[in-house]
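Participant: My structure is stored as structure22.cif, with mmCIF, C-alpha atoms.
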```cif
data_protein
#
loop_
_atom_site.label_atom_id
_atom_site.label_comp_id
_atom_site.auth_asym_id
_atom_site.auth_seq_id
_atom_site.Cartn_x
_atom_site.Cartn_y
_atom_site.Cartn_z
CA MET V 1 9.39 62.41 -166.87
CA ALA V 2 6.85 64.65 -165.26
CA PRO V 3 7.89 68.28 -165.07
CA VAL V 4 9.05 69.46 -161.70
CA ILE V 5 6.33 71.60 -160.22
CA PRO V 6 6.81 73.57 -157.04
CA ARG V 7 4.61 71.96 -154.45
CA SER V 8 4.77 74.89 -152.16
CA GLY V 9 4.37 78.60 -152.54
CA ASP V 10 6.74 79.33 -149.67
CA ALA V 11 9.47 80.66 -151.92
CA ALA V 12 7.06 82.75 -153.98
CA PHE V 13 5.51 84.21 -150.82
CA ALA V 14 8.94 84.98 -149.37
CA ASN V 15 9.87 86.85 -152.54
CA VAL V 16 6.83 89.09 -152.90
CA GLU V 17 6.22 92.33 -151.03
CA ARG V 18 3.91 91.81 -148.10
CA VAL V 19 1.64 93.86 -145.86
CA ASN V 20 0.21 93.35 -142.40
CA ALA V 21 -2.68 90.89 -142.64
CA GLU V 22 -4.75 93.02 -140.25
CA LEU V 23 -4.88 95.88 -142.75
CA PHE V 24 -6.16 93.36 -145.28
CA THR V 25 -8.65 91.81 -142.86
CA LEU V 26 -10.07 95.12 -141.68
CA THR V 27 -10.28 96.50 -145.22
CA TYR V 28 -12.18 93.42 -146.33
CA GLY V 29 -14.48 93.86 -143.35
CA ALA V 30 -15.13 97.44 -144.41
CA ILE V 31 -16.05 96.25 -147.90
CA VAL V 32 -18.51 93.64 -146.63
CA ARG V 33 -20.02 96.18 -144.26
CA GLN V 34 -20.48 98.66 -147.10
CA LEU V 35 -22.12 96.03 -149.29
CA LEU V 36 -24.50 95.02 -146.52
CA THR V 37 -25.52 98.65 -146.06
CA ASP V 38 -25.90 99.35 -149.78
CA LEU V 39 -27.49 96.15 -151.01
CA GLU V 40 -29.44 95.11 -147.90
CA GLU V 41 -30.14 91.57 -149.12
CA VAL V 42 -27.45 89.05 -148.16
CA GLU V 43 -28.06 87.22 -151.44
CA GLU V 44 -27.06 90.35 -153.31
CA VAL V 45 -24.01 90.76 -151.12
CA ASN V 46 -22.95 87.19 -151.85
CA LYS V 47 -23.29 87.91 -155.56
CA GLN V 48 -21.35 91.16 -155.39
CA LEU V 49 -18.53 89.57 -153.37
CA ASP V 50 -18.32 86.77 -155.92
CA GLN V 51 -18.21 89.34 -158.73
CA MET V 52 -15.43 91.29 -157.02
CA GLY V 53 -13.50 88.08 -156.57
CA TYR V 54 -14.00 87.21 -160.21
CA ASN V 55 -12.62 90.62 -161.25
CA ILE V 56 -9.60 89.97 -159.07
CA GLY V 57 -9.14 86.40 -160.30
CA VAL V 58 -8.96 87.31 -163.97
CA ARG V 59 -6.14 89.74 -163.21
CA LEU V 60 -4.42 87.79 -160.47
CA ILE V 61 -3.77 84.79 -162.71
CA ASP V 62 -1.19 86.79 -164.69
CA GLU V 63 0.83 87.57 -161.62
CA PHE V 64 0.45 84.00 -160.44
CA LEU V 65 1.80 82.53 -163.68
CA ALA V 66 4.59 85.10 -163.86
CA LYS V 67 5.88 84.60 -160.34
CA SER V 68 5.08 81.05 -159.34
CA ASN V 69 7.21 79.07 -161.84
CA ILE V 70 4.25 76.82 -162.46
CA SER V 71 4.08 75.15 -165.82
CA ARG V 72 0.96 73.71 -167.39
CA CYS V 73 -0.95 71.38 -165.09
CA VAL V 74 -1.66 67.98 -166.61
CA ASP V 75 -5.11 67.58 -165.13
CA PHE V 76 -7.67 69.19 -162.84
CA LYS V 77 -6.32 67.28 -159.87
CA GLU V 78 -2.97 68.91 -160.27
CA THR V 79 -4.62 72.29 -160.79
CA ALA V 80 -6.45 71.95 -157.49
CA GLU V 81 -3.22 71.04 -155.70
CA VAL V 82 -1.44 74.02 -157.18
CA ILE V 83 -4.22 76.40 -156.11
CA ALA V 84 -4.21 74.97 -152.61
CA LYS V 85 -0.49 74.82 -152.02
CA VAL V 86 0.96 77.55 -154.23
CA GLY V 87 -1.84 79.98 -155.07
CA PHE V 88 -3.23 80.49 -151.60
CA LYS V 89 0.26 80.66 -150.16
CA MET V 90 1.57 83.17 -152.63
CA PHE V 91 -1.20 85.70 -152.08
CA LEU V 92 -2.63 85.06 -148.64
CA GLY V 93 0.24 83.29 -146.93
CA VAL V 94 -1.90 80.28 -146.03
CA THR V 95 -2.44 76.87 -147.58
CA ALA V 96 -5.45 74.68 -148.20
CA THR V 97 -5.93 70.94 -148.28
CA VAL V 98 -7.51 69.29 -151.31
CA THR V 99 -9.93 66.58 -150.34
CA ASN V 100 -13.25 64.82 -151.08
CA TRP V 101 -12.70 64.14 -154.77
CA ASP V 102 -15.68 62.78 -156.62
CA ALA V 103 -15.30 59.63 -158.70
CA GLU V 104 -14.87 61.51 -162.00
CA GLY V 105 -12.11 63.71 -160.63
CA THR V 106 -14.01 66.85 -161.59
CA SER V 107 -14.97 68.24 -158.23
CA CYS V 108 -13.13 68.53 -154.97
CA SER V 109 -13.02 70.48 -151.76
CA LEU V 110 -10.48 73.04 -150.63
CA VAL V 111 -10.22 73.21 -146.86
CA LEU V 112 -8.41 76.26 -145.54
CA SER V 113 -5.95 75.83 -142.70
CA GLU V 114 -6.27 79.46 -141.75
CA ASN V 115 -8.40 82.21 -143.19
CA PRO V 116 -7.03 85.75 -143.19
CA LEU V 117 -10.41 87.23 -144.17
CA VAL V 118 -12.25 86.39 -140.99
CA GLY V 119 -10.14 87.90 -138.22
CA PHE V 120 -12.24 89.86 -135.67
CA VAL V 121 -15.44 88.74 -137.40
CA GLU V 122 -18.59 87.48 -135.74
CA LEU V 123 -21.75 87.40 -137.78
CA PRO V 124 -24.96 88.72 -136.28
CA ASP V 125 -28.20 86.76 -136.75
CA THR V 126 -29.26 89.13 -139.52
CA CYS V 127 -26.41 87.81 -141.64
CA HIS V 128 -27.72 84.30 -141.79
CA GLY V 129 -27.08 83.15 -145.35
CA LEU V 130 -24.16 85.48 -145.89
CA TYR V 131 -21.10 83.81 -147.37
CA TYR V 132 -18.70 86.24 -145.77
CA CYS V 133 -15.69 84.93 -147.69
CA ASN V 134 -17.48 84.58 -151.01
CA ILE V 135 -14.85 86.74 -152.66
CA LEU V 136 -12.50 83.73 -152.55
CA CYS V 137 -14.89 81.66 -154.66
CA GLY V 138 -14.93 84.43 -157.24
CA VAL V 139 -11.16 84.66 -157.30
CA ILE V 140 -10.76 80.96 -158.02
CA ARG V 141 -13.53 80.98 -160.63
CA GLY V 142 -12.04 84.03 -162.37
CA ALA V 143 -8.48 82.77 -162.32
CA LEU V 144 -9.43 79.33 -163.66
CA GLU V 145 -11.57 80.82 -166.39
CA MET V 146 -8.47 82.58 -167.69
CA VAL V 147 -6.77 79.22 -168.08
CA SER V 148 -9.72 77.75 -169.96
CA MET V 149 -11.53 76.08 -167.10
CA LYS V 150 -15.15 76.89 -166.38
CA THR V 151 -15.86 76.16 -162.76
CA GLU V 152 -18.45 76.57 -160.06
CA VAL V 153 -17.09 77.43 -156.63
CA THR V 154 -19.27 77.45 -153.53
CA TRP V 155 -18.92 77.37 -149.77
CA VAL V 156 -19.94 74.17 -148.03
CA ARG V 157 -18.58 74.73 -144.54
CA ASP V 158 -18.03 78.05 -142.84
CA MET V 159 -16.77 78.48 -139.28
CA LEU V 160 -18.51 81.85 -139.06
CA HIS V 161 -21.75 79.85 -139.23
CA GLY V 162 -20.57 77.37 -136.65
CA ASP V 163 -19.07 74.69 -138.90
CA ASP V 164 -15.76 73.12 -137.99
CA ALA V 165 -13.79 74.27 -141.05
CA TYR V 166 -13.68 76.61 -144.02
CA GLU V 167 -14.45 74.42 -147.01
CA MET V 168 -15.07 75.42 -150.61
CA ARG V 169 -16.34 73.09 -153.28
CA VAL V 170 -14.70 73.52 -156.69
CA LYS V 171 -16.53 71.87 -159.56
CA LEU V 172 -15.11 71.73 -163.06
CA ILE V 173 -17.95 72.37 -165.51
CA LYS V 174 -15.99 72.19 -168.71
CA GLN V 175 -12.59 72.70 -170.12
CA VAL V 176 -12.78 75.18 -172.96
CA PRO V 177 -10.36 74.20 -175.68
CA GLU V 178 -7.96 76.95 -176.61
CA GLU V 179 -8.45 78.25 -180.07
CA TYR V 180 -5.61 78.93 -182.44
CA PRO V 181 -4.68 81.00 -184.20
CA TYR V 182 -5.71 84.08 -182.32
CA LYS V 183 -6.71 86.84 -184.64
CA ASP V 184 -4.84 90.09 -184.10
CA ASP V 185 -7.90 92.25 -184.30
CA GLU V 186 -9.86 90.40 -181.63
CA MET D 1 3.31 89.39 -137.52
CA VAL D 2 0.96 87.66 -139.91
CA GLU D 3 1.20 88.99 -143.44
CA VAL D 4 -0.48 88.68 -146.81
CA SER D 5 1.01 89.66 -150.15
CA LEU D 6 0.90 93.31 -151.08
CA SER D 7 -0.81 92.39 -154.35
CA ALA D 8 -3.63 90.66 -152.48
CA PHE D 9 -4.24 93.94 -150.68
CA ALA D 10 -3.83 95.99 -153.85
CA PHE D 11 -6.37 93.82 -155.70
CA LEU D 12 -8.83 94.11 -152.83
CA PHE D 13 -8.39 97.85 -152.51
CA SER D 14 -8.86 98.32 -156.22
CA GLU D 15 -12.17 96.45 -156.00
CA LEU D 16 -13.22 98.70 -153.13
CA VAL D 17 -12.55 101.76 -155.28
CA GLN D 18 -14.18 100.33 -158.39
CA TYR D 19 -17.28 99.20 -156.56
CA ASN D 20 -17.71 102.60 -154.99
CA GLN D 21 -17.26 104.25 -158.36
CA THR D 22 -20.43 102.50 -159.46
CA GLN D 23 -22.31 103.98 -156.50
CA VAL D 24 -21.60 107.67 -157.01
CA ASP D 25 -22.05 110.54 -159.46
CA ASN D 26 -19.05 112.62 -158.56
CA ILE D 27 -15.56 112.59 -157.11
CA ALA D 28 -16.48 114.21 -153.79
CA GLU D 29 -19.04 111.49 -153.19
CA LEU D 30 -16.53 108.78 -154.11
CA GLU D 31 -14.00 110.19 -151.66
CA ARG D 32 -16.65 110.40 -148.97
CA ARG D 33 -17.53 106.74 -149.45
CA LEU D 34 -13.90 105.66 -149.34
CA GLU D 35 -13.50 107.76 -146.22
CA ASP D 36 -16.50 106.00 -144.66
CA ALA D 37 -14.93 102.63 -145.38
CA GLY D 38 -11.68 103.85 -143.83
CA TYR D 39 -13.49 105.23 -140.81
CA ALA D 40 -14.81 101.75 -140.01
CA VAL D 41 -11.25 100.47 -140.12
CA GLY D 42 -9.93 103.32 -137.97
CA ALA D 43 -12.50 102.79 -135.24
CA ARG D 44 -11.42 99.15 -134.93
CA VAL D 45 -7.74 99.98 -135.21
CA LEU D 46 -7.99 102.32 -132.22
CA GLU D 47 -9.62 99.70 -130.07
CA LEU D 48 -7.27 96.94 -131.15
CA PHE D 49 -4.02 98.87 -130.92
CA CYS D 50 -4.81 100.58 -127.62
CA HIS D 51 -5.42 97.16 -126.21
CA ARG D 52 -2.43 95.46 -127.74
CA GLU D 53 0.26 98.07 -128.28
CA LYS D 54 -0.46 100.44 -125.44
CA GLY D 55 -1.46 98.16 -122.57
CA ASN D 56 -5.10 99.27 -122.66
CA ARG D 57 -4.18 102.92 -122.36
CA ARG D 58 -5.66 105.48 -124.69
CA GLU D 59 -4.05 108.82 -125.45
CA THR D 60 -6.03 111.71 -124.03
CA ARG D 61 -3.82 114.55 -125.22
CA LEU D 62 -3.87 116.02 -128.67
CA LEU D 63 -0.19 115.55 -129.40
CA GLY D 64 -0.31 112.11 -127.84
CA ILE D 65 -3.06 110.87 -130.12
CA LEU D 66 -1.43 112.47 -133.18
CA SER D 67 1.83 110.80 -132.43
CA PHE D 68 -0.07 107.54 -131.85
CA VAL D 69 -1.49 107.84 -135.37
CA HIS D 70 1.78 108.90 -136.97
CA THR D 71 3.85 106.24 -135.21
CA THR D 72 1.90 103.26 -133.87
CA VAL D 73 -0.99 103.13 -136.32
CA TRP D 74 1.22 103.77 -139.34
CA LYS D 75 3.84 101.26 -138.28
CA VAL D 76 1.40 98.43 -137.72
CA LEU D 77 -0.78 99.10 -140.76
CA PHE D 78 1.81 100.24 -143.28
CA GLY D 79 5.02 98.77 -141.88
CA LYS D 80 6.69 102.11 -141.30
CA VAL D 81 6.31 105.31 -139.34
CA ALA D 82 4.78 108.10 -141.44
CA ASP D 83 7.35 110.35 -143.15
CA SER D 84 6.31 113.44 -141.25
CA LEU D 85 3.88 114.98 -138.79
CA GLU D 86 3.69 118.75 -138.92
CA LYS D 87 1.59 121.49 -137.47
CA GLY D 88 -0.23 123.63 -140.01
CA THR D 89 1.38 127.01 -140.47
CA GLU D 90 -1.78 128.94 -141.19
CA HIS D 91 -4.22 127.49 -138.70
CA GLU D 92 -3.62 126.52 -135.09
CA ASP D 93 -5.94 123.54 -135.23
CA GLU D 94 -4.49 121.87 -138.33
CA TYR D 95 -1.96 119.10 -138.53
CA MET D 96 -0.51 117.23 -141.48
CA ILE D 97 0.76 113.70 -141.82
CA SER D 98 2.69 113.24 -145.03
CA GLU D 99 3.84 110.18 -146.86
CA LYS D 100 6.02 110.16 -149.94
CA GLU D 101 4.42 107.02 -151.30
CA LEU D 102 1.22 106.18 -149.47
CA LEU D 103 0.51 102.45 -149.72
CA VAL D 104 -2.94 102.86 -151.26
CA ASN D 105 -1.67 105.27 -153.91
CA ARG D 106 1.25 103.17 -155.03
CA PHE D 107 -0.55 101.32 -157.77
CA ILE D 108 -3.09 103.92 -158.67
CA SER D 109 -2.90 106.39 -161.49
CA ILE D 110 -5.69 108.90 -161.56
CA PRO D 111 -7.27 109.46 -164.98
CA LYS D 112 -7.22 113.10 -166.07
CA ASP D 113 -10.99 113.39 -165.97
CA MET D 114 -11.06 112.50 -162.28
CA GLY D 115 -9.19 115.64 -161.33
CA THR D 116 -8.02 115.80 -157.76
CA PHE D 117 -9.43 112.46 -156.71
CA ASN D 118 -7.18 110.85 -154.11
CA CYS D 119 -7.53 107.26 -152.92
CA GLY D 120 -5.83 108.45 -149.77
CA ALA D 121 -9.38 109.36 -148.72
CA PHE D 122 -9.49 105.80 -147.40
CA VAL D 123 -6.49 106.47 -145.17
CA ALA D 124 -7.93 109.86 -144.20
CA GLY D 125 -10.98 107.89 -143.08
CA ILE D 126 -8.82 105.57 -140.99
CA VAL D 127 -7.22 108.59 -139.30
CA ARG D 128 -10.60 110.20 -138.67
CA GLY D 129 -11.93 106.92 -137.29
CA VAL D 130 -9.07 106.74 -134.80
CA LEU D 131 -9.28 110.39 -133.74
CA ASP D 132 -13.05 110.55 -133.51
CA ASN D 133 -13.33 107.45 -131.37
CA ALA D 134 -10.53 108.66 -129.13
CA GLY D 135 -12.57 111.81 -128.45
CA PHE D 136 -10.96 114.15 -130.97
CA PRO D 137 -13.55 114.82 -133.67
CA SER D 138 -11.99 116.25 -136.79
CA VAL D 139 -12.25 116.69 -140.52
CA VAL D 140 -9.58 114.71 -142.33
CA THR D 141 -8.78 114.96 -146.03
CA ALA D 142 -6.13 113.59 -148.37
CA HIS D 143 -4.25 115.74 -150.87
CA PHE D 144 -1.55 115.30 -153.44
CA VAL D 145 1.32 117.69 -152.95
CA PRO D 146 3.80 118.00 -155.83
CA MET D 147 7.39 117.60 -154.72
CA GLU D 148 10.30 119.31 -156.36
CA GLY D 149 12.53 116.85 -158.16
CA GLN D 150 10.04 113.99 -157.67
CA GLN D 151 7.99 112.53 -160.43
CA ARG D 152 5.12 111.57 -158.18
CA PRO D 153 3.47 113.86 -155.67
CA ARG D 154 3.46 112.96 -152.02
CA THR D 155 0.20 112.49 -150.14
CA THR D 156 -0.65 114.74 -147.25
CA ILE D 157 -3.36 113.81 -144.79
CA LEU D 158 -4.72 117.08 -143.48
CA ILE D 159 -6.33 116.96 -140.04
CA LYS D 160 -8.50 119.83 -138.93
CA PHE D 161 -9.77 119.40 -135.41
CA ALA D 162 -13.31 120.42 -134.55
CA ASP D 163 -13.69 123.67 -132.62
CA GLU D 164 -14.71 121.78 -129.52
CA VAL D 165 -11.32 120.05 -129.45
CA SER D 166 -9.37 123.32 -129.39
CA HIS D 167 -11.83 124.63 -126.84
CA MET D 168 -11.44 121.61 -124.61
CA MET D 169 -7.67 121.72 -124.89
CA SER D 170 -7.50 125.40 -123.99
CA LEU D 171 -9.81 124.84 -121.03
CA LEU D 172 -7.58 122.08 -119.79
CA ASN D 173 -4.54 124.04 -120.84
CA ILE D 174 -2.99 120.96 -122.36
CA TYR D 175 -1.93 120.00 -125.87
#
```
Output the file's structure as structure tokens, nothing else.
Facilitator:
Amino acid sequence: MAPVIPRSGDAAFANVERVNAELFTLTYGAIVRQLLTDLEEVEEVNKQLDQMGYNIGVRLIDEFLAKSNISRCVDFKETAEVIAKVGFKMFLGVTATVTNWDAEGTSCSLVLSENPLVGFVELPDTCHGLYYCNILCGVIRGALEMVSMKTEVTWVRDMLHGDDAYEMRVKLIKQVPEEYPYKDDE
Amino acid sequence: MVEVSLSAFAFLFSELVQYNQTQVDNIAELERRLEDAGYAVGARVLELFCHREKGNRRETRLLGILSFVHTTVWKVLFGKVADSLEKGTEHEDEYMISEKELLVNRFISIPKDMGTFNCGAFVAGIVRGVLDNAGFPSVVTAHFVPMEGQQRPRTTILIKFADEVSHMMSLLNIY
């Protein structure tokens, strides 16, 4: 029998301490603004946001595993569902829909129902090419790397650029086999 | 009210601090950059909250705007009214907002070699952003204040209004 896996992060989100989303939104805005001033090139900003997200992801996975009651996912499809329904909910209070699987089952899209990063945001023309929410890609990449999955995560649709949804593409590059035994001195 | 998890904010804030650490040579510069980031938040908070919480009215009196910061701004951003708002005892133009456990300092331990560095500089920036844009230019700084019987110090946001503010207030004879 398949293990029972929570299909929703509602309970986890209800149990964690929470803050006003506007504080989060405005703080994120301040970060992006600082990066744009410091780095000037939007390409560099995209990279830095992804890096920040990665840093967060590699730490966030611990809290996720500790608090979500998720056991090992059997395949990448399940992993994607768990990120969309439990992960996003637990930290950001929103959910995503998993869609557009490729034939091999190694890449899919996450479409966000709501996006707490973009409140109050309108991008000026100078920010053409900026992936404002690129930090989210980094978070997913970082978190998955910690559970042995190398991925590529990119934005494909962005409402800040006039698209009709927030859609990220998650592509599994390879699953790194875990190595046992771990050596104590490593 | 829409919420996100506190850890999501804590992770984000920690990245803000770490990124800025890579951009500076000293603590004062780091605090200034965090304050700048906060200022941008404060400027928007003033606009948003005056519109939404105060029916498009903005405080024009000194005590009014201070109480707006201590009560409205704190409650919306941090979920509670600030622990205290006091007038400085030594200088007429100084006020202090204190918080036993400021949200941004809850998960931060300062390494010894970083001395008096206080992440509250971000919140000081928010306060300055609100005051400045409401027409009360000031210098705002964050300080740890050790508390008797408490393991962790509280954070005091010290507000020193610019001379022109005191001058204006005395001309108008209002506070």
Participant: Which residue is closest to Trp74 of chain D? Choose from D:Ile110, D:Leu102, D:Leu34, D:Val140 and count all atoms listed in the file.
Facilitator: D:Leu102
Participant: Per residue of chain D within 6 Å of chain V, which atom pair is closest and at what distance in Å (one decimal), using only C-alpha atoms, listed by chain and increasing number, as a Markdown table?
Facilitator:
```
| residue | atom | partner | partner_atom | distance |
| --- | --- | --- | --- | --- |
| D:Val2 | CA | V:Ala21 | CA | 5.6 |
| D:Glu3 | CA | V:Ala21 | CA | 4.4 |
| D:Val4 | CA | V:Leu92 | CA | 4.6 |
| D:Ser5 | CA | V:Arg18 | CA | 4.2 |
| D:Leu6 | CA | V:Arg18 | CA | 4.5 |
| D:Ala8 | CA | V:Phe91 | CA | 5.5 |
| D:Phe9 | CA | V:Phe24 | CA | 5.8 |
| D:Ala37 | CA | V:Ala30 | CA | 5.3 |
| D:Val41 | CA | V:Leu26 | CA | 5.7 |
| D:Leu77 | CA | V:Leu23 | CA | 5.6 |
```
Participant: So which residues get picked by the PyMOL selection byres ((chain D and resi 156) around 9) here, written as a PyMOL selection string?
Facilitator: chain D and resi 96-100+120+141-145+154-155+157-158
Participant: Between atom CA of Gln21 of chain D and atom CA of Gln150 of chain D, what is the distance, to one decimal in Å?
Facilitator: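 Value for the atom CA of Gln21 of chain D-atom CA of Gln150 of chain D distance: 29.0 Å.
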Participant: Enter the distance from atom CA of His70 of chain D to atom CA of Gly88 of chain D, in Å, rounded to one decimal.
Facilitator: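 Going from atom CA of His70 of chain D over to atom CA of Gly88 of chain D, I get 15.2 Å.
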Participant: Have a look at atom CA of Val153 of chain V and atom CA of Arg7 of chain V and let me know their distance in Å, one decimal.
Facilitator: 22.5 Å
Participant: When you look at Phe117 of chain D with a cut-off of 8 Å (counting all atoms listed in the file), what residues show up, excluding the ones that are within fewer than 5 positions of it in the same chain? I need them as an MDAnalysis selection string.
Facilitator: chainID D and resid 27:28 31 110
Participant: Could those selected residues go to a file with C-alpha atoms, as a tab-separated table (two decimals), in the coordinates of the input?
Facilitator:
```
chain	number	residue	atom	x	y	z
D	27	ILE	CA	-15.56	112.59	-157.11
D	28	ALA	CA	-16.48	114.21	-153.79
D	31	GLU	CA	-14.00	110.19	-151.66
D	110	ILE	CA	-5.69	108.90	-161.56
```
Participant: Take the PyMOL selection byres ((chain D and resi 50) around 12), apply it to the structure above, and return the hits as a list in words.
Facilitator: Gly42, Ala43, Arg44, Val45, Leu46, Glu47, Leu48, Phe49, His51, Arg52, Glu53, Lys54, Gly55, Asn56, Arg57, Arg58, Glu59, Thr60, Ile65, Phe68, Val69, Thr72, Val73, Val130, Asn133 and Ala134 of chain D
Participant: Just checking: using only C-alpha atoms, which residue out of D:Met147, D:Ile108, D:Cys119, D:Leu172 ends up closest to Arg61 of chain D?
Facilitator: D:Leu172
Participant: Suppose a student applies the PyMOL selection byres ((chain V and resi 111) around 6) to this structure; what residues should they get, written as a list in words?
Facilitator: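 Going through the file, the PyMOL selection byres ((chain V and resi 111) around 6) ends up selecting Ala96, Thr97, Leu110, Leu112, Tyr166 and Glu167 of chain V.
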Participant: Residues near Val42 of chain V, anyone? I mean within 8 Å using only C-alpha atoms, not counting same-chain ones fewer than 6 positions away, as an MDAnalysis selection string.
Facilitator: chainID V and resid 36 127:130
Participant: Can you tell me which residues surround Val121 of chain V at a distance of at most 9 Å, considering all atoms listed in the file, apart from same-chain residues fewer than 3 positions away, and format the answer as an NGL selection string?
Facilitator: :V and (29 or 117-118 or 160)
Participant: Would you write out those residues with C-alpha atoms, as a PDB file, keeping the file's coordinate frame?
Facilitator:
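See selection-v7.pdb below for the written result:
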```pdb
ATOM      1  CA  GLY V  29     -14.480  93.860-143.350  1.00  0.00           C
ATOM      2  CA  LEU V 117     -10.410  87.230-144.170  1.00  0.00           C
ATOM      3  CA  VAL V 118     -12.250  86.390-140.990  1.00  0.00           C
ATOM      4  CA  LEU V 160     -18.510  81.850-139.060  1.00  0.00           C
TER       5      LEU V 160
END
```
Participant: Excluding Leu65 of chain V and residues on its chain fewer than 6 positions from it, collect all residues at most 12 Å away from it, counting only C-alpha atoms, and give them as a ChimeraX atom specification.
Facilitator: /V:12,58-59,71-73,82-83,86-87,90,143-144,146-147
Participant: When you count only C-alpha atoms, which of these residues is closest to Phe136 of chain D: D:Leu62, D:Asp113, D:Leu103, D:His91?
Facilitator: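 The closest residue to Phe136 of chain D is D:Leu62.
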Participant: I'd like to know which of V:Ile140, V:Ala80, V:Met149, V:Ile173 is closest to Val98 of chain V, using only C-alpha atoms.
Facilitator: V:Ala80
Participant: Calculated over all atoms listed in the file, which of the candidates V:Thr79, V:Thr126, V:Thr106, V:Ser8 has the smallest distance to His161 of chain V?
Facilitator: V:Thr126
Participant: Using all atoms listed in the file, which protein or nucleic acid residues come within 8 Å of Glu152 of chain V? Drop anything in the same chain fewer than 6 positions from it, and give the result as JSON, numbers by chain.
Facilitator: {"V": [141, 169, 170, 171, 172, 173]}
Participant: From the options V:Asn46, V:Gly138, V:Gly9, V:Glu104, which residue's atoms come nearest to Glu81 of chain V, counting all atoms listed in the file?
Facilitator: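 Result for the nearest residue to Glu81 of chain V: V:Gly9.
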